[in-house]
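Heads up, start14.txt below (compact mmCIF, C-alpha atoms and all ligand atoms):
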# COMPACT_ATOMS: atom_id res chain seq x y z
CA MET A 1 0.00 0.00 0.00
CA ILE A 2 1.26 3.42 -0.83
CA GLU A 3 2.06 5.60 2.16
CA CYS A 4 -0.01 8.47 1.03
CA VAL A 5 -0.10 12.21 1.42
CA SER A 6 0.27 14.00 4.51
CA GLY A 7 0.09 12.43 7.91
CA LEU A 8 -3.14 14.32 8.19
CA PHE A 9 -5.33 11.38 8.65
CA ARG A 10 -2.96 9.49 10.93
CA ASN A 11 -5.34 9.08 13.83
CA GLN A 12 -8.42 8.66 11.75
CA GLY A 13 -11.58 7.60 13.41
CA LEU A 14 -10.92 9.25 16.76
CA HIS A 15 -13.57 11.86 16.32
CA ALA A 16 -17.24 11.83 15.60
CA ARG A 17 -18.66 13.69 12.65
CA PRO A 18 -18.94 17.38 13.39
CA LYS A 19 -22.46 18.68 13.89
CA ILE A 20 -21.87 22.42 13.85
CA LEU A 21 -21.52 24.19 10.56
CA PHE A 22 -18.05 25.43 9.74
CA THR A 23 -16.42 22.86 11.93
CA PRO A 24 -13.56 21.08 10.23
CA ILE A 25 -14.30 18.79 7.38
CA LEU A 26 -11.70 16.33 8.48
CA LEU A 27 -11.34 16.44 12.21
CA LEU A 28 -7.68 15.95 12.72
CA PRO A 29 -5.77 15.25 15.86
CA THR A 30 -3.91 18.23 17.27
CA LEU A 31 -0.31 17.49 16.50
CA THR A 32 1.97 17.92 19.45
CA LEU A 33 4.34 20.50 18.12
CA PRO A 34 7.55 21.49 19.88
CA MET A 35 7.56 24.93 21.55
CA SER A 36 9.51 26.44 18.68
CA SER A 37 6.58 25.62 16.46
CA THR A 38 4.63 28.70 17.35
CA THR A 39 6.34 30.61 14.56
CA PHE A 40 5.24 30.06 10.99
CA ASN A 41 6.60 31.54 7.80
CA LEU A 42 3.91 32.20 5.25
CA ALA A 43 4.09 33.37 1.68
CA ALA A 44 1.04 35.48 0.80
CA LEU A 45 0.52 35.70 -2.96
CA ALA A 46 -2.60 37.79 -3.45
CA GLY A 47 -2.48 37.88 -7.27
CA ASP A 48 -5.02 39.65 -9.43
CA GLY A 49 -8.59 40.91 -9.44
CA ILE A 50 -10.24 40.54 -6.04
CA GLY A 51 -7.16 38.62 -4.77
CA PRO A 52 -5.56 41.56 -2.90
CA GLU A 53 -8.72 42.70 -1.15
CA VAL A 54 -9.78 39.26 0.07
CA MET A 55 -6.18 38.47 1.08
CA ARG A 56 -6.12 41.66 3.15
CA GLU A 57 -9.11 40.42 5.14
CA ALA A 58 -7.60 36.96 5.59
CA ILE A 59 -4.41 38.50 6.97
CA LYS A 60 -6.50 40.67 9.29
CA VAL A 61 -8.10 37.50 10.65
CA LEU A 62 -4.71 35.78 10.98
CA ARG A 63 -3.45 38.73 13.01
CA ALA A 64 -6.38 38.32 15.39
CA VAL A 65 -5.60 34.59 15.68
CA GLU A 66 -1.96 35.38 16.31
CA LYS A 67 -2.87 37.54 19.30
CA LYS A 68 -5.40 35.19 20.78
CA PHE A 69 -3.29 32.02 20.50
CA SER A 70 0.19 33.55 21.07
CA LEU A 71 1.45 32.52 17.65
CA THR A 72 3.76 34.33 15.26
CA PHE A 73 2.99 34.44 11.57
CA ASN A 74 5.80 35.89 9.52
CA ILE A 75 3.83 36.84 6.45
CA THR A 76 5.75 37.88 3.35
CA GLU A 77 3.76 39.16 0.41
CA ALA A 78 4.92 38.67 -3.16
CA PRO A 79 3.47 39.31 -6.61
CA VAL A 80 2.05 36.54 -8.78
CA GLY A 81 -0.10 36.40 -11.90
CA TRP A 82 -0.52 39.65 -13.80
CA ALA A 83 0.82 41.38 -10.71
CA GLY A 84 3.99 39.29 -11.21
CA ILE A 85 4.15 40.15 -14.90
CA ASP A 86 3.78 43.85 -14.11
CA ALA A 87 6.35 43.76 -11.29
CA ALA A 88 8.97 41.41 -12.70
CA GLY A 89 7.99 40.38 -16.23
CA LYS A 90 6.79 36.87 -15.29
CA ALA A 91 3.58 35.39 -13.86
CA LEU A 92 5.71 33.54 -11.34
CA PRO A 93 8.73 35.76 -10.67
CA ASP A 94 11.88 33.94 -9.51
CA ALA A 95 11.84 35.79 -6.19
CA THR A 96 8.24 34.72 -5.57
CA LEU A 97 9.08 31.07 -6.27
CA GLU A 98 12.11 31.33 -4.00
CA LEU A 99 9.96 32.78 -1.23
CA CYS A 100 7.51 29.87 -1.61
CA ARG A 101 10.38 27.39 -1.31
CA LYS A 102 11.47 28.95 1.96
CA SER A 103 7.97 29.19 3.45
CA ASP A 104 6.05 26.73 5.58
CA SER A 105 2.94 27.22 3.46
CA ILE A 106 1.50 29.36 0.72
CA LEU A 107 -1.59 31.49 1.04
CA PHE A 108 -2.76 32.19 -2.47
CA GLY A 109 -5.38 34.62 -3.74
CA SER A 110 -6.24 34.13 -7.38
CA VAL A 111 -4.71 34.84 -10.77
CA GLY A 112 -5.82 35.60 -14.31
CA LEU A 113 -7.36 38.56 -16.11
CA PRO A 114 -8.95 37.28 -19.31
CA ASP A 115 -9.00 40.74 -20.89
CA ARG A 116 -5.22 40.88 -20.87
CA ASP A 117 -4.69 37.30 -22.12
CA PRO A 118 -4.39 38.19 -25.82
CA THR A 119 -1.35 40.33 -25.06
CA ILE A 120 0.94 37.37 -24.23
CA PRO A 121 1.47 33.77 -25.41
CA LYS A 122 -0.81 31.24 -23.70
CA GLU A 123 2.07 29.40 -22.01
CA GLU A 124 3.01 32.61 -20.20
CA ARG A 125 -0.45 33.40 -18.90
CA PRO A 126 -0.93 33.29 -15.12
CA GLU A 127 -3.12 30.17 -14.95
CA ARG A 128 -0.51 28.01 -16.64
CA ALA A 129 2.72 29.82 -15.82
CA ALA A 130 1.95 30.49 -12.15
CA LEU A 131 -0.90 28.42 -10.74
CA LEU A 132 -0.38 25.12 -12.57
CA ARG A 133 3.38 25.55 -12.30
CA LEU A 134 3.17 25.94 -8.51
CA ARG A 135 0.90 22.90 -8.20
CA LYS A 136 3.39 20.80 -10.16
CA GLU A 137 6.50 22.32 -8.59
CA PHE A 138 5.38 21.46 -5.06
CA GLY A 139 3.75 18.13 -5.95
CA LEU A 140 0.37 19.32 -4.68
CA PHE A 141 -1.62 16.37 -5.95
CA ALA A 142 -4.44 16.40 -3.39
CA ASN A 143 -6.96 19.21 -3.62
CA LEU A 144 -9.60 19.26 -0.90
CA ARG A 145 -12.65 21.43 -1.47
CA PRO A 146 -15.13 21.37 1.40
CA VAL A 147 -18.60 22.45 0.37
CA LYS A 148 -20.99 23.29 3.17
CA LEU A 149 -24.31 25.06 3.08
CA PRO A 150 -25.00 26.67 6.44
CA LYS A 151 -28.70 26.67 7.23
CA GLU A 152 -28.72 30.48 7.42
CA LEU A 153 -27.82 30.52 3.74
CA ALA A 154 -30.59 28.19 2.65
CA HIS A 155 -32.03 31.06 0.58
CA SER A 156 -28.76 31.54 -1.30
CA CYS A 157 -28.80 27.93 -2.51
CA PRO A 158 -30.38 27.60 -5.96
CA LEU A 159 -32.09 24.36 -4.93
CA ARG A 160 -35.54 24.07 -3.39
CA LEU A 161 -35.48 23.81 0.40
CA ASP A 162 -36.71 20.20 0.37
CA ARG A 163 -33.73 19.19 -1.75
CA GLN A 164 -31.34 20.66 0.83
CA SER A 165 -32.64 18.40 3.59
CA ASP A 166 -30.53 18.97 6.73
CA GLY A 167 -27.87 20.84 4.84
CA ILE A 168 -25.25 20.07 2.25
CA ASP A 169 -21.84 18.84 3.39
CA ILE A 170 -19.62 17.47 0.65
CA LEU A 171 -15.87 17.14 0.42
CA VAL A 172 -14.64 17.18 -3.16
CA VAL A 173 -11.27 15.44 -3.36
CA ARG A 174 -9.76 16.47 -6.65
CA GLU A 175 -6.58 15.03 -8.16
CA LEU A 176 -4.55 18.11 -9.03
CA THR A 177 -1.34 17.27 -10.85
CA GLY A 178 -2.39 14.79 -13.53
CA GLY A 179 -5.00 14.19 -16.19
CA MET A 180 -5.72 16.45 -19.08
CA TYR A 181 -4.23 19.52 -17.42
CA PHE A 182 -0.70 18.17 -17.66
CA GLY A 183 -0.70 15.20 -20.10
CA GLN A 184 1.58 15.35 -23.13
CA PRO A 185 1.33 15.96 -26.01
CA LYS A 186 -0.46 19.25 -25.47
CA LYS A 187 -0.34 21.54 -28.47
CA THR A 188 -2.10 23.22 -31.33
CA GLU A 189 -0.82 22.46 -34.81
CA GLN A 190 -1.58 23.64 -38.29
CA VAL A 191 -2.79 20.69 -40.36
CA SER A 192 -3.62 22.54 -43.55
CA PRO A 193 -4.26 26.14 -44.55
CA GLY A 194 -7.06 27.45 -42.34
CA VAL A 195 -7.31 24.24 -40.31
CA GLN A 196 -5.72 23.80 -36.91
CA ARG A 197 -5.78 20.78 -34.62
CA ALA A 198 -5.65 21.12 -30.83
CA ILE A 199 -4.47 18.19 -28.74
CA ASP A 200 -4.76 17.65 -25.00
CA THR A 201 -3.87 14.29 -23.55
CA MET A 202 -5.45 12.63 -20.55
CA VAL A 203 -2.94 10.48 -18.70
CA TYR A 204 -3.11 8.72 -15.35
CA THR A 205 -0.90 6.02 -13.91
CA THR A 206 -1.82 3.50 -11.24
CA PRO A 207 0.24 5.18 -8.48
CA GLU A 208 -1.29 8.59 -9.23
CA ILE A 209 -4.79 7.17 -8.83
CA GLU A 210 -3.83 5.13 -5.76
CA ARG A 211 -2.46 8.06 -3.78
CA ILE A 212 -5.47 10.31 -4.36
CA ALA A 213 -7.85 7.42 -3.65
CA HIS A 214 -6.15 6.92 -0.26
CA VAL A 215 -6.73 10.58 0.52
CA ALA A 216 -10.43 10.23 -0.29
CA PHE A 217 -10.92 7.05 1.75
CA LYS A 218 -9.03 8.42 4.74
CA ALA A 219 -11.06 11.60 4.61
CA ALA A 220 -14.31 9.65 4.36
CA SER A 221 -13.36 7.47 7.31
CA VAL A 222 -13.55 10.50 9.63
CA ARG A 223 -16.73 11.79 7.97
CA ARG A 224 -19.83 9.88 6.90
CA LYS A 225 -17.86 6.95 5.52
CA LYS A 226 -18.85 7.08 1.88
CA VAL A 227 -16.78 7.71 -1.23
CA THR A 228 -18.43 8.41 -4.57
CA SER A 229 -15.79 7.98 -7.25
CA ILE A 230 -16.45 9.93 -10.41
CA ASP A 231 -15.30 8.69 -13.82
CA LYS A 232 -16.29 8.18 -17.43
CA ALA A 233 -15.48 4.47 -17.56
CA ASN A 234 -18.08 3.89 -20.29
CA VAL A 235 -16.00 5.90 -22.76
CA LEU A 236 -12.50 6.67 -21.53
CA GLU A 237 -9.55 4.33 -21.01
CA ASN A 238 -8.66 6.58 -18.10
CA GLY A 239 -12.08 5.96 -16.61
CA VAL A 240 -11.65 2.19 -16.72
CA LEU A 241 -8.26 2.36 -15.00
CA TRP A 242 -9.57 4.91 -12.48
CA ARG A 243 -12.47 2.64 -11.53
CA ASP A 244 -10.26 -0.47 -11.23
CA VAL A 245 -7.64 1.20 -9.07
CA VAL A 246 -10.16 2.97 -6.81
CA THR A 247 -11.99 -0.35 -6.32
CA THR A 248 -8.73 -2.04 -5.30
CA VAL A 249 -7.78 0.74 -2.88
CA GLY A 250 -11.32 0.72 -1.49
CA LYS A 251 -10.89 -2.89 -0.32
CA LEU A 252 -8.33 -1.60 2.17
CA TYR A 253 -11.05 0.52 3.79
CA PRO A 254 -13.82 -1.93 4.63
CA GLY A 255 -15.54 0.64 6.86
CA VAL A 256 -16.03 3.06 3.95
CA ALA A 257 -18.73 2.46 1.33
CA LEU A 258 -17.61 2.97 -2.25
CA GLU A 259 -19.86 3.82 -5.13
CA HIS A 260 -18.90 4.66 -8.71
CA MET A 261 -20.73 7.25 -10.76
CA PHE A 262 -20.31 8.49 -14.30
CA VAL A 263 -19.46 12.16 -14.35
CA ASP A 264 -22.55 13.21 -16.31
CA ASN A 265 -24.77 11.47 -13.80
CA GLY A 266 -22.70 12.98 -10.96
CA ALA A 267 -23.37 16.47 -12.30
CA MET A 268 -27.08 15.69 -12.38
CA GLN A 269 -27.20 14.01 -8.97
CA LEU A 270 -25.58 17.07 -7.38
CA LEU A 271 -28.65 19.03 -8.41
CA LEU A 272 -31.22 16.35 -7.68
CA LYS A 273 -29.98 15.01 -4.36
CA PRO A 274 -26.78 16.63 -3.11
CA THR A 275 -27.25 15.19 0.36
CA GLN A 276 -26.36 11.70 -0.97
CA PHE A 277 -22.70 12.74 -1.26
CA ASP A 278 -20.06 12.60 1.44
CA VAL A 279 -16.67 12.49 -0.33
CA MET A 280 -16.60 12.91 -4.10
CA LEU A 281 -13.36 11.60 -5.58
CA CYS A 282 -12.54 13.12 -8.95
CA GLU A 283 -9.75 13.30 -11.46
CA ASN A 284 -8.42 16.76 -12.20
CA MET A 285 -10.83 18.14 -14.79
CA PHE A 286 -13.99 16.47 -13.51
CA GLY A 287 -13.10 17.83 -10.05
CA ASP A 288 -12.62 21.31 -11.46
CA ILE A 289 -16.09 21.27 -12.98
CA LEU A 290 -18.00 19.50 -10.23
CA SER A 291 -16.44 21.56 -7.43
CA ASP A 292 -17.76 24.77 -9.01
CA GLU A 293 -21.19 23.19 -9.34
CA ALA A 294 -21.07 22.02 -5.74
CA ALA A 295 -19.93 25.47 -4.59
CA ALA A 296 -22.99 27.06 -6.15
CA LEU A 297 -25.05 24.76 -3.93
CA ALA A 298 -23.21 26.15 -0.92
CA GLY A 299 -24.56 29.60 -1.73
CA SER A 300 -21.66 31.03 -3.73
CA LEU A 301 -18.25 30.32 -5.14
CA GLY A 302 -17.15 33.00 -2.69
CA MET A 303 -17.72 30.52 0.13
CA LEU A 304 -15.48 27.71 -1.20
CA PRO A 305 -12.03 27.39 0.36
CA SER A 306 -9.46 24.85 -0.76
CA ALA A 307 -6.33 23.10 0.39
CA SER A 308 -3.81 21.61 -2.00
CA LEU A 309 -1.47 19.22 -0.29
CA GLY A 310 1.66 17.35 -1.11
CA ALA A 311 3.73 15.00 0.96
CA THR A 312 4.41 15.45 4.65
CA SER A 313 7.86 16.08 5.97
CA GLY A 314 8.20 15.92 9.72
CA GLU A 315 5.27 17.49 11.50
CA ARG A 316 4.35 20.06 8.91
CA THR A 317 2.58 19.41 5.68
CA PHE A 318 3.47 21.92 3.03
CA GLY A 319 0.26 23.21 1.60
CA PHE A 320 -1.19 25.72 -0.77
CA TYR A 321 -4.40 27.40 0.32
CA GLU A 322 -6.63 29.31 -2.04
CA PRO A 323 -10.26 30.23 -2.54
CA ALA A 324 -11.73 28.40 -5.50
CA GLY A 325 -13.58 31.42 -6.83
CA GLY A 326 -11.18 33.16 -9.18
CA THR A 327 -10.30 36.81 -9.75
CA ALA A 328 -13.80 38.20 -10.49
CA PRO A 329 -12.38 41.25 -12.33
CA ASP A 330 -15.85 42.77 -12.71
CA ILE A 331 -16.11 43.47 -8.98
CA ALA A 332 -12.41 43.92 -8.19
CA GLY A 333 -11.43 46.93 -6.07
CA LYS A 334 -15.03 47.80 -5.22
CA ASN A 335 -15.24 46.33 -1.72
CA LEU A 336 -17.86 43.89 -3.03
CA ALA A 337 -16.03 40.54 -2.97
CA ASN A 338 -16.80 37.89 -0.42
CA PRO A 339 -13.63 37.28 1.65
CA ILE A 340 -14.99 34.16 3.36
CA ALA A 341 -13.43 31.58 0.98
CA GLN A 342 -10.02 33.19 1.52
CA ILE A 343 -10.53 33.35 5.28
CA LEU A 344 -11.70 29.72 5.48
CA SER A 345 -8.65 28.77 3.40
CA THR A 346 -6.42 30.15 6.16
CA ALA A 347 -8.32 27.98 8.63
CA LEU A 348 -7.58 24.96 6.44
CA MET A 349 -3.91 25.97 6.49
CA LEU A 350 -3.76 26.17 10.27
CA ARG A 351 -5.41 22.80 10.54
CA TYR A 352 -3.79 20.77 7.78
CA SER A 353 -0.32 22.24 7.62
CA PHE A 354 0.30 23.15 11.24
CA GLY A 355 -2.10 21.05 13.31
CA LEU A 356 -3.41 24.23 14.99
CA ASN A 357 -6.91 22.90 15.38
CA ASP A 358 -8.07 25.29 18.10
CA ALA A 359 -6.96 28.30 16.10
CA ALA A 360 -8.60 26.88 12.97
CA ASP A 361 -11.80 26.20 14.92
CA SER A 362 -11.85 29.81 16.08
CA ILE A 363 -11.83 31.01 12.46
CA ASP A 364 -14.54 28.56 11.41
CA ARG A 365 -16.64 29.66 14.38
CA ALA A 366 -16.07 33.36 13.72
CA VAL A 367 -17.24 32.91 10.11
CA GLY A 368 -20.29 31.02 11.35
CA GLN A 369 -21.00 33.84 13.79
CA ALA A 370 -20.75 36.57 11.15
CA ILE A 371 -23.20 34.69 8.97
CA ALA A 372 -25.52 33.89 11.84
CA SER A 373 -25.59 37.60 12.71
CA GLY A 374 -26.98 38.30 9.25
CA LEU A 375 -23.94 39.84 7.55
CA ARG A 376 -23.93 39.14 3.81
CA THR A 377 -21.75 40.22 0.94
CA GLY A 378 -23.66 40.72 -2.31
CA ASP A 379 -23.11 37.17 -3.60
CA ILE A 380 -24.91 35.61 -0.62
CA PHE A 381 -27.42 38.39 -0.01
CA ASN A 382 -31.07 37.63 -0.50
CA ALA A 383 -33.54 40.45 0.00
CA ALA A 384 -36.20 37.93 1.01
CA ASP A 385 -34.18 37.22 4.13
CA THR A 386 -35.26 40.04 6.43
CA ALA A 387 -32.47 39.41 8.95
CA ALA A 388 -29.78 39.86 6.28
CA LYS A 389 -27.64 42.99 6.10
CA LYS A 390 -25.56 43.69 3.02
CA VAL A 391 -21.93 44.52 3.82
CA GLY A 392 -18.69 44.98 1.92
CA THR A 393 -15.50 42.94 1.87
CA ARG A 394 -13.87 45.01 4.58
CA GLU A 395 -16.85 44.97 6.93
CA MET A 396 -17.18 41.20 6.61
CA GLY A 397 -13.46 40.83 7.40
CA ASP A 398 -13.75 43.17 10.39
CA ALA A 399 -16.68 41.22 11.79
CA ILE A 400 -14.89 37.89 11.44
CA ALA A 401 -11.62 39.19 12.88
CA GLY A 402 -13.58 40.74 15.73
CA ALA A 403 -15.25 37.42 16.52
CA ILE A 404 -11.97 35.49 16.87
C1 LIG B 1 -9.53 26.09 -10.05
C2 LIG B 1 -9.39 27.01 -11.23
C3 LIG B 1 -8.12 26.67 -11.99
C4 LIG B 1 -8.22 25.23 -12.47
C5 LIG B 1 -7.81 27.62 -13.18
C6 LIG B 1 -7.76 29.06 -12.72
C7 LIG B 1 -6.57 27.22 -13.89
O1 LIG B 1 -10.51 26.93 -12.04
O2 LIG B 1 -8.61 26.06 -9.20
O3 LIG B 1 -10.53 25.38 -9.97
O4 LIG B 1 -8.80 24.97 -13.52
O5 LIG B 1 -7.71 24.35 -11.78
MG MG B 2 -12.06 25.72 -11.26
Would you mind writing the file out in C-alpha cells?
Amino acid sequence: MIECVSGLFRNQGLHARPKILFTPILLLPTLTLPMSSTTFNLAALAGDGIGPEVMREAIKVLRAVEKKFSLTFNITEAPVGWAGIDAAGKALPDATLELCRKSDSILFGSVGLPDRDPTIPKEERPERAALLRLRKEFGLFANLRPVKLPKELAHSCPLRLDRQSDGIDILVVRELTGGMYFGQPKKTEQVSPGVQRAIDTMVYTTPEIERIAHVAFKAASVRRKKVTSIDKANVLENGVLWRDVVTTVGKLYPGVALEHMFVDNGAMQLLLKPTQFDVMLCENMFGDILSDEAAALAGSLGMLPSASLGATSGERTFGFYEPAGGTAPDIAGKNLANPIAQILSTALMLRYSFGLNDAADSIDRAVGQAIASGLRTGDIFNAADTAAKKVGTREMGDAIAGAI
C-alpha cells in the first residue's frame, strides 16, 4: 500500500462527525508540536482581481488569531499572476518562487485577467505559468474542497429547500497534478491552410490514482464513511483504469462504502440530491467542474475554500491554500467581494499544515457567527431574508476578525 499524502489522517476515526456548521471537514488530531513551532513563515501571494482585497481580510483575521493564541505568523507578500508580470515580467517571478520554497505554506489569492490574455502567449499566462506551475512544482496532488451550506444561507442555494434536507456537506477530493491539465502531447498544430488541430492528452498512472484514492478514503473514514468515485469508464480508457484502481484501494477501507458514478450522472445528482454525497473523488478536470457546481449549492463560489497538499515532511505538511472562486475582475477593487473563501482557506492551512486545530476552529466559528448575525456580501445576499444585512469585503473581514 502506498504511504499516502500527509500524515493528516494518521489518527483517523478518533472523532465523531462534526455537527456544527463550519467545523472542520476532516477532524484531525492536534499534532503535538515542539515549543519552537509557534512561529510560521507564510508566503502570501494575493495575485489579481479581487485577490488583494480578500487576502487583506484573511491576513486581518490571521493577526487576530496570532494575538489570541500567542502565535507568530511571519507573512511575506509577493506578486504573482498579472501582478507578477507587471512587477517582474513573469507570472511567477523567480523571487516569488524562492519565497515559496522557503515558506512553511503558501496562502494564495487568485490569478488571471482574461482581458489581458491576448497580449501574451498562452504558455506565459498566469493560470498556466503560475498556478499550474506551482501545483506541479510542489507536488500538490491532493486538492480538498469542502462544500458546506450553512442553514442560514438556505435562501442563497439555488435548490428548493426540500432538496437541501438537513444541509449540504460534501468534500470534493480532486486530483490536481495529472490528467488532461498536464498530459503530453499538449499543443495546437496547423494541419492545412485554415485548419488547426488542438491536442490535449489525458494520462493517469496506477500510483497517481492510488495516492489520491487513499486521501479520499481516509477523509471519508472520519466523515460519513462514503466515497463516490467519479469517472467516465463507459467511454475513456482513463475511466476504466480509475475505476479499477479505486476499487482495489477501497478494499483496504472496509468501513467506507464505495460507489462509482459516471461524471454526467454525478453532475445531475448534485442538483437532484446533493445530500447523498459525502466524499466525491474526482480526477483533475472532472473535479474542477463539479467543485464549481457544488460550490454554487453552498450559496456562492465566494464561500469555497481549498487546500492543495503534497507529501508530509516531519510534523508540517506543506500546503497551498486558495479560494476556488477566481479573480472576479468585474467586482475587483469595489469592496464587493466575499472574503470568506479566503478566510476559510487560512483555517484549512492552520489545521492541515500546522495542526493548529483550536486556532482553525476559532476562524470557522467566527465565520459562522458573522453569517448567523446576518452579515452578507452581495453574492450571498437575499432580499427575502429580512435578517440579512448587506456589507462589503472590509466589513465582513472586520466582523470575522472581531469574533476570533
Ligand atoms: C480552479 C481554477 C483553476 C483550475 C484555473 C484558474 C486554472 O478553475 O482552481 O478550480 O482549472 O484548476
Ligand atoms: Mg475551477
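With distances restricted to all atoms listed in the file, A:His155 is the closest residue to Thr386 in chain A from A:His155, A:Arg116, A:Arg63, A:Arg211.
Nearest residue to Glu259 in chain A among A:Ile331, A:Ile230, A:Ile343, A:Val240 is A:Ile230, counting all atoms listed in the file.
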Could you list the protein, DNA and RNA residues that have any atom within 12 Å of ligand MG 2 (chain B), counting only C-alpha atoms and all ligand atoms, and write them as a PyMOL selection string? chain A and resi 110-111+127+131-132+143+145+174+176+181+284-295+301+304-306+322-327
If you count only C-alpha atoms, which residues fall within 12 Å of Lys187 in chain A, apart from same-chain ones fewer than 3 positions away, as a list in words? Lys122, Glu123, Met180, Tyr181, Phe182, Gly183, Gln184, Gln190, Gln196, Arg197, Ala198, Ile199, Asp200 and Thr201 of chain A
Students should find that CA of Val227 in chain A and atom O4 of ligand LIG 1 (chain B) are spaced 22.6 Å
Skip Asn74 in chain A itself and residues of its chain fewer than 5 positions away, then list as a PyMOL selection string all residues within 7 Å of it, counting all atoms listed in the file. chain A and resi 40-42
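Going from CA of Asp231 in chain A over to CA of His260 in chain A, you cover 7.4 Å.
Residue neighbourhood of range 389-403 of chain A, excluding near-sequence residues (fewer than 5 positions): Glu53, Val54, Glu57, Ala58, Lys60, Val61, Leu62, Ala64, Asn335, Leu336, Ala337, Asn338, Pro339, Ile340, Ile363, Ala366, Val367, Gln369, Ala370, Gly374, Leu375, Arg376, Thr377, Gly378 and Phe381 of chain A, at 8 Å, using only C-alpha atoms.
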Which value, in Å to one decimal, gives the distance between CA of Pro79 in chain A and CA of Ala311 in chain A? 25.5 Å
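Of the listed residues A:Glu98, A:Val256, A:Trp82, A:Ser105, the one whose atoms come nearest to Thr119 in chain A is A:Trp82, with distances taken using all atoms listed in the file.
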Can you list, as a PyMOL selection string, every protein, DNA or RNA residue that comes within 8 Å of Ser362 in chain A when you count all atoms listed in the file, leaving out same-chain residues fewer than 4 positions away? chain A and resi 65+358+366+404
